[in-house]
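Everything below concerns the one structure shown next.
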Amino acid sequence: MRFGKSRKNGKKSKKSRTTVCIIITAAIFAGFAIRLVDWQLVQGKSYKSLAAKSTGYTEKTDATRGEIVDRNGVGLVVNTTKYKIVLNKLYIEEDRLDGILLELADILTKTGDTRTDSLPISVGSDGSCVYKTSREEDAEKLLSSDFLDMDRNTSADDCFDALLKRYKISDRLSLSQKTTLVSIHYNMELENYSNSNPYVFAENISRSAVNAVSENTQGVSGVEIQTYLTRGASDPDLAPHILGALGSLSEDEYNELKKQGKSYSYDDKIGKFGIELACEDDLKGKGGTRVIQRNADGTLVESIETESAKPGNTVYLTIDSKLQKVAVKSLEENVKAAKQAGKESGQKNNGEDCETGAVVMLSVKDFSVLAAASYPTYDLNRYSEYGSYYVKLSENKNSPMYNRATVGTFACGSVFKPCVAGAALEEKIITDKTKIYCKQDYDFYPTNVVRCMHYHGSLDVTGAIEQSCNYFFADTGRRLGIEPMYLYAQKFGLGEYTGVEIEESKGTLAGRDSTDWQVGNTVSAAIGQSDNAFTPVQLATYVATIANNGERLKTHIVDKVTNYERTKTVKSTDVESYGDCGISKKNLDIVRKAMLGVTQNENGTANYMFGDYKVKVAAKTGTAENSGSDHTTFICYAPYEKPEVAIAVVIEHGAKGRYSMQVAKDLLDAYFN
């Protein structure tokens, strides 16, 4: 009995110990749970702030994007150091925030600097509020369920009162102070101001503002003056179509770059067109990382660069900024002059509809682009804002953002005739002695009658080029045939990509690219009409090929790429040949001598402009029929004996050739001076 009782008591003792262990374990876990709840839920924010204040953190450093300069190193797109005021929530005491905001706003008012103000409400001196008409969409967003959740018909006064309550603005403040704080708090909310996301109070502030803020915020934690780089065009309307602009990455662009193994973040900017796009890989650079250590009041203790950022390279263009300025100015002046003359004439289709044009100047030595202008132009720095200015450009009927120099295609008119002459001579359709009698109307094809401007009588190929006889070239083109005509045109670079690095159009060659071709169309094609449509850069390449003894080189606008400091060349653009035009030197000399006669012979169509010019100029004038006034075109190279430069000008609806010739003359003046 005693033995059995002992066993029973042992079991009870063992069970009691187990129960006690379970209770103790449960209590320990409950204690941990309660502590975790206290850490994470009750005091989570304060602990998070404390941790952020007392530990280091790693941040990404952006690479400085490379600059774009002209052939002489003159900055076209450059980086400039500027200053901004940044508020860091981690180190600003909440009860002092409004006072700090008002003090900063007051400093900027005194120094004449501005801060961001996105508030869609205007508050009058009497306290009355109205919605800003220019920010209707912002007002709707403010009232939406994602923000104030108020009826869209809510008055501006009620909306402003709601914002005062939302941001807990003190009633003791003046109306001006209340308005200022509502505006700033609204911006801070839009920008997701938080412990992990500092707020940029103002950008691009003056040196006087920097000094004033630094002086007045000594001992105030969380307010910093930071430097940053801005990128902009030094002369914003000089070459916007060439330089291009940056923009945010689209999802498709990001995914494609990722496939290519290129390192980009969603918030990176990328070149969208022009040189910014064409030279993206050279300009981008590579970002780095650094570890930041701050003490409890936000003071920077240490900044250690763990991976250095590498700046992008500098891209040298072949553009000469001095020549480019002449091109832009002259193009504008002559487009306006053609329009004014048309209005004053009182006649329809006499230039009164002239609004646009383009010019390209090449070096004959290597087919580098010395100048390329498209009119109208625009302010590249304002375009990059993507605001109302961009909308205004988009709605402009003259399409200022359209690059007429490399993308625009135009009927070229009689400047096509040297090509036809060279092809006909080479194919032995004519010789330099062959004469054709011009009786004004060429009616071999009754459905394609070509009218000449004059009764020229008997002309050889030299006289036909000098006087631009349509009759001669209509008959020569008919004998030659469309296929040889466009094959030689191709070799001159017409209807072909020139190789220029920025976006360009291929153009249209009559016959080859025509969808509905009739044999009678050949006579129109021979005088540069029919479906022929070429870009100014193609026309410049074409005349440069004539000047370069028939060899066509790759047209290019990038000269070389150096490191950011411009001390070492990374790569250079090599001269590349696209082949010979297929016309013998003897026949090419006949064409070139005739082009000299255009300016030197008293009957030449450009004699009145270049007859006594300081250097001999070989040229060809052209007009092309369109709806409205005729386009005027002009091609030339100079000096005749040892060609250095080639120029092509197109003035849409210019009507009279003097204006396109004057643009070329202004460029030649600038070059030879």
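Just remember, in the structure tokens the first chain shown is A, the second B, etc., residues are 1-based per chain, and ligands are 1-based in the order shown.
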
Residues at most 6 Å from region 76-80 of chain A, counting only C-alpha atoms, excluding those fewer than 5 positions away in the same chain, as a PyMOL selection string?
-> chain A and resi 67-69+229-234

If we count only C-alpha atoms, what is near Ala358 (chain A) at a cut-off of 6 Å, once residues fewer than 4 positions away on the same chain are taken out, given as a ChimeraX atom specification?
-> /A:373-374,404-405,649-650

Could you save the residues just selected, with N, CA and C atoms, as a compact mmCIF listing (two decimals), in the first residue's frame?
# COMPACT_ATOMS: atom_id res chain seq x y z
N ALA A 373 20.02 74.51 -89.50
CA ALA A 373 18.97 75.25 -88.81
C ALA A 373 17.61 74.96 -89.42
N SER A 374 16.62 74.95 -88.55
CA SER A 374 15.24 74.75 -88.95
C SER A 374 14.42 75.89 -88.37
N ARG A 404 13.08 70.39 -89.83
CA ARG A 404 13.00 70.45 -91.29
C ARG A 404 14.34 70.19 -91.97
N ALA A 405 15.44 70.39 -91.24
CA ALA A 405 16.76 70.23 -91.84
C ALA A 405 17.10 68.77 -92.14
N VAL A 649 19.62 75.20 -99.16
CA VAL A 649 18.59 76.00 -98.49
C VAL A 649 17.23 75.66 -99.08
N VAL A 650 16.24 75.51 -98.22
CA VAL A 650 14.85 75.34 -98.65
C VAL A 650 14.01 76.34 -97.87

Name the residues of region 281-498 of chain A that come out as strand (DSSP E) in a backbone DSSP run; write them as a VMD selection string.
-> chain A and resid 288 to 294 300 to 307 314 to 317 357 to 363 369 to 375 436 to 438 441 to 442 450 to 451 457 to 459

Rounded to one decimal in Å, what is the spacing between CA of Val200 (chain A) and CA of Glu93 (chain A)?
->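 About the pair CA of Val200 (chain A) and CA of Glu93 (chain A): they are 17.4 Å apart.
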
Name the residues of region 371-576 of chain A that come out as alpha helix (DSSP H) in a backbone DSSP run; write them as a VMD selection string.
-> chain A and resid 380 to 383 388 to 395 417 to 426 461 to 467 470 to 480 482 to 491 522 to 525 536 to 547

Spatial neighbours of Asp441 (chain A), max dist 7 Å, only C-alpha atoms, sep filter under 6 positions, as a ChimeraX atom specification | /A:449-452,471

Emit the selected residues as a CSV table (one decimal), in the first residue's frame, including C-alpha atoms.
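Listing of result.csv after writing:
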chain,number,residue,atom,x,y,z
A,449,VAL,CA,3.0,69.1,-120.3
A,450,VAL,CA,6.1,70.9,-118.8
A,451,ARG,CA,6.2,74.6,-119.1
A,452,CYS,CA,9.4,76.6,-119.1
A,471,TYR,CA,12.2,72.3,-121.8

In Å, with one decimal, what is the gap from CA of Phe201 (chain A) to CA of Lys178 (chain A)?
->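 Between these atoms lies a distance of 17.0 Å.
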
Find the spatial neighbours of region 95-102 of chain A, counting only C-alpha atoms, within a cut-off of 9 Å - ignore same-chain residues fewer than 3 positions away - and output them as a ChimeraX atom specification.
-> /A:92,105-107,169,177,180-181,184,201,217,220,223

Using only C-alpha atoms, what does the table of region 353-405 of chain A residues within 9 Å of region 535-555 of chain A look like, with each row giving the shortest atom pair and its distance in Å to one decimal, sorted by chain and ascending number, as CSV?
residue,atom,partner,partner_atom,distance
A:Ala358,CA,A:Pro536,CA,6.8
A:Val359,CA,A:Pro536,CA,6.4
A:Val360,CA,A:Val537,CA,5.8
A:Met361,CA,A:Ala540,CA,6.7
A:Leu362,CA,A:Ala540,CA,6.7
A:Ser363,CA,A:Ala544,CA,7.8
A:Val364,CA,A:Ala544,CA,5.5
A:Lys365,CA,A:Asn548,CA,7.7
A:Asp366,CA,A:Leu553,CA,6.8
A:Phe367,CA,A:Thr555,CA,4.9
A:Ser368,CA,A:Thr555,CA,5.8
A:Val369,CA,A:Thr555,CA,7.1
A:Ala372,CA,A:Val537,CA,8.2
A:Arg404,CA,A:Thr535,CA,7.4
A:Ala405,CA,A:Pro536,CA,5.2

Restricted to N, CA and C atoms, what would the selected residues look like written as an mmCIF file, in the first residue's frame?
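Output file part_30.cif is given in full below:
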data_model
loop_
_atom_site.group_PDB
_atom_site.id
_atom_site.type_symbol
_atom_site.label_atom_id
_atom_site.label_comp_id
_atom_site.auth_asym_id
_atom_site.auth_seq_id
_atom_site.Cartn_x
_atom_site.Cartn_y
_atom_site.Cartn_z
ATOM 1 N N ALA A 358 14.628 75.822 -93.931
ATOM 2 C CA ALA A 358 15.751 75.086 -93.343
ATOM 3 C C ALA A 358 17.002 75.310 -94.175
ATOM 4 N N VAL A 359 18.154 75.157 -93.524
ATOM 5 C CA VAL A 359 19.435 75.284 -94.217
ATOM 6 C C VAL A 359 20.433 74.325 -93.591
ATOM 7 N N VAL A 360 21.305 73.745 -94.424
ATOM 8 C CA VAL A 360 22.382 72.869 -93.956
ATOM 9 C C VAL A 360 23.666 73.263 -94.670
ATOM 10 N N MET A 361 24.746 73.374 -93.909
ATOM 11 C CA MET A 361 26.066 73.682 -94.469
ATOM 12 C C MET A 361 27.032 72.574 -94.078
ATOM 13 N N LEU A 362 27.718 71.998 -95.076
ATOM 14 C CA LEU A 362 28.658 70.906 -94.847
ATOM 15 C C LEU A 362 30.076 71.321 -95.208
ATOM 16 N N SER A 363 31.038 70.652 -94.581
ATOM 17 C CA SER A 363 32.429 70.760 -95.002
ATOM 18 C C SER A 363 32.641 69.745 -96.121
ATOM 19 N N VAL A 364 33.143 70.198 -97.259
ATOM 20 C CA VAL A 364 33.376 69.291 -98.388
ATOM 21 C C VAL A 364 34.477 68.288 -98.070
ATOM 22 N N LYS A 365 35.384 68.667 -97.197
ATOM 23 C CA LYS A 365 36.518 67.812 -96.860
ATOM 24 C C LYS A 365 36.077 66.471 -96.279
ATOM 25 N N ASP A 366 35.108 66.513 -95.352
ATOM 26 C CA ASP A 366 34.722 65.272 -94.676
ATOM 27 C C ASP A 366 33.214 65.105 -94.489
ATOM 28 N N PHE A 367 32.418 66.020 -95.102
ATOM 29 C CA PHE A 367 30.949 65.986 -95.017
ATOM 30 C C PHE A 367 30.454 66.142 -93.576
ATOM 31 N N SER A 368 31.208 66.879 -92.781
ATOM 32 C CA SER A 368 30.748 67.197 -91.427
ATOM 33 C C SER A 368 29.790 68.383 -91.496
ATOM 34 N N VAL A 369 28.793 68.379 -90.615
ATOM 35 C CA VAL A 369 27.779 69.438 -90.598
ATOM 36 C C VAL A 369 28.320 70.644 -89.835
ATOM 37 N N ALA A 372 23.196 73.633 -89.195
ATOM 38 C CA ALA A 372 21.931 73.037 -89.632
ATOM 39 C C ALA A 372 20.821 73.690 -88.831
ATOM 40 N N ARG A 404 13.081 70.392 -89.830
ATOM 41 C CA ARG A 404 12.999 70.453 -91.291
ATOM 42 C C ARG A 404 14.343 70.192 -91.967
ATOM 43 N N ALA A 405 15.436 70.389 -91.239
ATOM 44 C CA ALA A 405 16.763 70.225 -91.838
ATOM 45 C C ALA A 405 17.099 68.775 -92.139
#

Gap from CA of Ser458 (chain A) to CA of Asp432 (chain A) - Å, one decimal | 13.2 Å

Extract, using only C-alpha atoms, all DNA, RNA and protein residues at most 9 Å from region 132-149 of chain A, discarding same-chain residues fewer than 2 positions from it, and format them as a list in words.
->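 Listed by chain and then number, they are Ser118, Leu119, Pro120, Ile121, Ser122, Val130, Asp151, Arg152, Asn153, Thr154, Cys159, Ala162, Leu163 and Arg166 of chain A.
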
For Ala239 (chain A), which residue among A:Gly222, A:Gly495, A:Pro400, A:Gly457 is the nearest when counting only C-alpha atoms?
->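 Nearest candidate to Ala239 (chain A) out of A:Gly222, A:Gly495, A:Pro400, A:Gly457: A:Pro400.
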
Please provide the set of residues having any atom within 10 Å of Tyr199 (chain A), restricted to only C-alpha atoms, with same-chain residues fewer than 6 positions apart removed, written as a PyMOL selection string.
-> chain A and resi 85-89+187-189+191-193+223
